[in-house]
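> If it helps, the file is called input.pdb and holds PDB, C-alpha atoms, pLDDT in the B column:
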```pdb
ATOM      1  CA  MET Q  20      84.159 -15.666  96.547  1.00 87.00           C
ATOM      2  CA  TYR Q  21      81.663 -14.390  99.078  1.00 89.00           C
ATOM      3  CA  LEU Q  22      78.463 -15.908 100.376  1.00 92.00           C
ATOM      4  CA  VAL Q  23      76.092 -13.112 101.323  1.00 93.00           C
ATOM      5  CA  GLY Q  24      72.884 -13.764 103.225  1.00 91.00           C
ATOM      6  CA  ASN Q  25      70.263 -11.053 102.961  1.00 92.00           C
ATOM      7  CA  PHE Q  26      67.273 -10.196 105.154  1.00 93.00           C
ATOM      8  CA  ALA Q  27      69.365 -10.236 108.334  1.00 91.00           C
ATOM      9  CA  ASP Q  28      66.737  -7.905 109.799  1.00 90.00           C
ATOM     10  CA  CYS Q  29      64.072 -10.654 109.545  1.00 93.00           C
ATOM     11  CA  GLU Q  30      65.373 -13.041 112.193  1.00 89.00           C
ATOM     12  CA  GLU Q  31      61.914 -14.465 112.912  1.00 91.00           C
ATOM     13  CA  GLU Q  32      61.503 -15.498 109.246  1.00 92.00           C
ATOM     14  CA  ARG Q  33      64.949 -17.120 108.954  1.00 90.00           C
ATOM     15  CA  GLU Q  34      64.975 -20.392 107.034  1.00 92.00           C
ATOM     16  CA  ILE Q  35      68.720 -21.103 107.255  1.00 92.00           C
ATOM     17  CA  SER Q  36      70.715 -20.628 110.441  1.00 92.00           C
ATOM     18  CA  THR Q  37      73.991 -18.765 110.508  1.00 92.00           C
ATOM     19  CA  GLU Q  38      75.699 -22.033 111.418  1.00 93.00           C
ATOM     20  CA  GLU Q  39      74.188 -23.795 108.372  1.00 94.00           C
ATOM     21  CA  ALA Q  40      75.285 -20.972 106.076  1.00 93.00           C
ATOM     22  CA  ILE Q  41      78.814 -21.037 107.480  1.00 93.00           C
ATOM     23  CA  GLN Q  42      78.988 -24.811 107.035  1.00 94.00           C
ATOM     24  CA  PHE Q  43      77.700 -24.484 103.451  1.00 95.00           C
ATOM     25  CA  ALA Q  44      80.385 -21.888 102.759  1.00 93.00           C
ATOM     26  CA  LYS Q  45      83.113 -24.138 104.205  1.00 94.00           C
ATOM     27  CA  ASP Q  46      81.865 -27.185 102.294  1.00 96.00           C
ATOM     28  CA  ASN Q  47      81.965 -25.223  99.040  1.00 96.00           C
ATOM     29  CA  GLY Q  48      85.327 -23.530  99.469  1.00 94.00           C
ATOM     30  CA  ILE Q  49      83.857 -20.109 100.209  1.00 92.00           C
ATOM     31  CA  HIS Q  50      86.025 -18.303 102.733  1.00 90.00           C
ATOM     32  CA  ASN Q  51      83.882 -15.214 103.254  1.00 89.00           C
ATOM     33  CA  TYR Q  52      80.369 -15.186 104.703  1.00 92.00           C
ATOM     34  CA  VAL Q  53      78.388 -12.165 105.813  1.00 92.00           C
ATOM     35  CA  GLU Q  54      74.771 -11.461 106.639  1.00 93.00           C
ATOM     36  CA  THR Q  55      73.268  -8.248 105.313  1.00 93.00           C
ATOM     37  CA  SER Q  56      70.057  -6.289 105.283  1.00 93.00           C
ATOM     38  CA  ALA Q  57      69.192  -4.126 102.317  1.00 91.00           C
ATOM     39  CA  LYS Q  58      66.383  -2.633 104.403  1.00 93.00           C
ATOM     40  CA  THR Q  59      68.566  -1.419 107.278  1.00 93.00           C
ATOM     41  CA  GLY Q  60      71.864  -1.262 105.396  1.00 92.00           C
ATOM     42  CA  GLN Q  61      73.497  -3.683 107.843  1.00 94.00           C
ATOM     43  CA  ASN Q  62      76.869  -4.800 106.423  1.00 92.00           C
ATOM     44  CA  VAL Q  63      76.034  -3.721 102.854  1.00 93.00           C
ATOM     45  CA  ASN Q  64      78.835  -1.155 102.595  1.00 93.00           C
ATOM     46  CA  GLU Q  65      81.199  -3.495 104.409  1.00 92.00           C
ATOM     47  CA  VAL Q  66      80.688  -6.227 101.787  1.00 91.00           C
ATOM     48  CA  PHE Q  67      81.587  -3.871  98.942  1.00 92.00           C
ATOM     49  CA  GLU Q  68      84.527  -2.428 100.877  1.00 92.00           C
ATOM     50  CA  ASN Q  69      85.903  -5.897 101.617  1.00 90.00           C
ATOM     51  CA  ILE Q  70      85.513  -7.048  98.014  1.00 90.00           C
ATOM     52  CA  THR Q  71      87.274  -3.901  96.834  1.00 90.00           C
ATOM     53  CA  LYS Q  72      90.114  -4.450  99.314  1.00 91.00           C
ATOM     54  CA  HIS Q  73      90.515  -8.071  98.198  1.00 89.00           C
ATOM     55  CA  PHE Q  74      90.626  -7.060  94.522  1.00 87.00           C
ATOM     56  CA  PHE Q  75      93.206  -4.421  95.343  1.00 88.00           C
ATOM     57  CA  LEU Q  76      95.411  -6.824  97.289  1.00 88.00           C
ATOM     58  CA  LEU Q  77      95.141  -9.504  94.610  1.00 86.00           C
ATOM     59  CA  ASN Q  78      96.016  -7.036  91.848  1.00 84.00           C
ATOM     60  CA  GLU Q  79      98.336  -4.632  93.651  1.00 82.00           C
ATOM     61  CA  HIS Q  80     101.263  -5.707  91.462  1.00 83.00           C
ATOM     62  CA  ASN Q  81      99.310  -4.662  88.333  1.00 78.00           C
ATOM     63  CA  LEU Q  82      98.367  -1.142  89.413  1.00 73.00           C
ATOM     64  CA  ASP Q  83     100.835   0.413  86.985  1.00 76.00           C
ATOM     65  CA  ARG Q  84      98.635  -0.943  84.159  1.00 75.00           C
ATOM     66  CA  PHE Q  85      95.821   1.431  85.158  1.00 67.00           C
ATOM     67  CA  GLU Q  86      95.757   5.086  84.196  1.00 63.00           C
ATOM     68  CA  GLU Q  87      93.203   7.675  85.242  1.00 62.00           C
ATOM     69  CA  LYS Q  88      91.670   9.557  82.322  1.00 59.00           C
ATOM     70  CA  ASP Q  89      89.849  12.855  82.904  1.00 56.00           C
ATOM     71  CA  GLU Q  90      89.203  13.467  79.220  1.00 52.00           C
ATOM     72  CA  GLU Q  91      85.835  11.725  79.101  1.00 54.00           C
ATOM     73  CA  PRO Q  92      83.809  12.631  82.198  1.00 49.00           C
ATOM     74  CA  SER Q  93      80.558  10.775  82.733  1.00 49.00           C
ATOM     75  CA  GLU Q  94      77.242  12.512  83.240  1.00 48.00           C
ATOM     76  CA  ARG Q  95      78.000  12.624  86.977  1.00 47.00           C
ATOM     77  CA  GLY Q  96      81.337  14.282  86.392  1.00 45.00           C
ATOM     78  CA  SER Q  97      83.586  11.447  87.525  1.00 41.00           C
ATOM     79  CA  SER Q  98      86.584  10.276  85.564  1.00 43.00           C
ATOM     80  CA  PHE Q  99      87.002   6.908  83.867  1.00 42.00           C
ATOM     81  CA  ILE Q 100      89.651   4.402  84.830  1.00 44.00           C
ATOM     82  CA  ARG Q 101      90.905   2.627  81.721  1.00 45.00           C
ATOM     83  CA  LEU Q 102      93.097  -0.422  81.398  1.00 43.00           C
ATOM     84  CA  GLN Q 103      96.078   0.320  79.152  1.00 39.00           C
TER      85      GLN Q 103
END
```
Show how you would write the structure in this file as structure tokens.


Amino acid sequence: MYLVGNFADCEEEREISTEEAIQFAKDNGIHNYVETSAKTGQNVNEVFENITKHFFLLNEHNLDRFEEKDEEPSERGSSFIRLQ
């Protein structure tokens, strides 16, 4: 689970300090906290990359259950990944 704080670019309008957010995360068993800004893009890609890495590591032993299928390309031309 991740706790993600947005509007990191609006420091002067902050209602919750970083320390308060970290303490909230700890109190609620959340081990990942990051501050982002959709406006500037700060840490947005990093959040998705980290979540993807965690999913991969948690499910690495099940990778053989996934098979790439090129038979049904989407409108953008990418292939589907289907669970067998």

> What does the structure give for the distance between CA of Glu79 (chain Q) and CA of Val63 (chain Q), in Å to one decimal?

24.1 Å

> Would you mind reading off the distance between CA of Leu22 (chain Q) and CA of Asn69 (chain Q), one decimal, in Å?

12.5 Å

> What does the PyMOL selection byres ((chain Q and resi 40) around 10) select in this file, as a short mmCIF file (atom, residue, chain, number, x, y, z; two decimals) with C-alpha atoms, keeping the file's coordinate frame?


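That gives us expr31.cif:
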```
data_model
loop_
_atom_site.label_atom_id
_atom_site.label_comp_id
_atom_site.auth_asym_id
_atom_site.auth_seq_id
_atom_site.Cartn_x
_atom_site.Cartn_y
_atom_site.Cartn_z
CA LEU Q 22 78.46 -15.91 100.38
CA VAL Q 23 76.09 -13.11 101.32
CA GLY Q 24 72.88 -13.76 103.22
CA ILE Q 35 68.72 -21.10 107.26
CA SER Q 36 70.72 -20.63 110.44
CA THR Q 37 73.99 -18.76 110.51
CA GLU Q 38 75.70 -22.03 111.42
CA GLU Q 39 74.19 -23.80 108.37
CA ILE Q 41 78.81 -21.04 107.48
CA GLN Q 42 78.99 -24.81 107.04
CA PHE Q 43 77.70 -24.48 103.45
CA ALA Q 44 80.39 -21.89 102.76
CA LYS Q 45 83.11 -24.14 104.20
CA ASP Q 46 81.86 -27.18 102.29
CA TYR Q 52 80.37 -15.19 104.70
CA VAL Q 53 78.39 -12.16 105.81
CA GLU Q 54 74.77 -11.46 106.64
#
```

> Work out how far apart CA of Ile49 (chain Q) and CA of Ile70 (chain Q) are and give it in Å to one decimal.

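Going from CA of Ile49 (chain Q) over to CA of Ile70 (chain Q), I get 13.3 Å.
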
> Using all atoms listed in the file for the distances, tell me which of Q:Thr71, Q:Ala27, Q:Asn78, Q:Glu34 is nearest to Ser56 (chain Q).

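Going through Q:Thr71, Q:Ala27, Q:Asn78, Q:Glu34 one by one, the smallest distance to Ser56 (chain Q) is for Q:Ala27.
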
> Taking 6 positions as the minimum chain separation for residues in the same chain, which residues sit within 12 Å of region 73-76 of chain Q when counting all atoms listed in the file? Answer as a PDB file with C-alpha atoms, keeping the file's coordinate frame.


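Result went into part.pdb, see below:
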```pdb
ATOM      1  CA  MET Q  20      84.159 -15.666  96.547  1.00 87.00           C
ATOM      2  CA  TYR Q  21      81.663 -14.390  99.078  1.00 89.00           C
ATOM      3  CA  ASN Q  51      83.882 -15.214 103.254  1.00 89.00           C
ATOM      4  CA  VAL Q  66      80.688  -6.227 101.787  1.00 91.00           C
ATOM      5  CA  PHE Q  67      81.587  -3.871  98.942  1.00 92.00           C
ATOM      6  CA  LEU Q  82      98.367  -1.142  89.413  1.00 73.00           C
TER       7      LEU Q  82
END
```
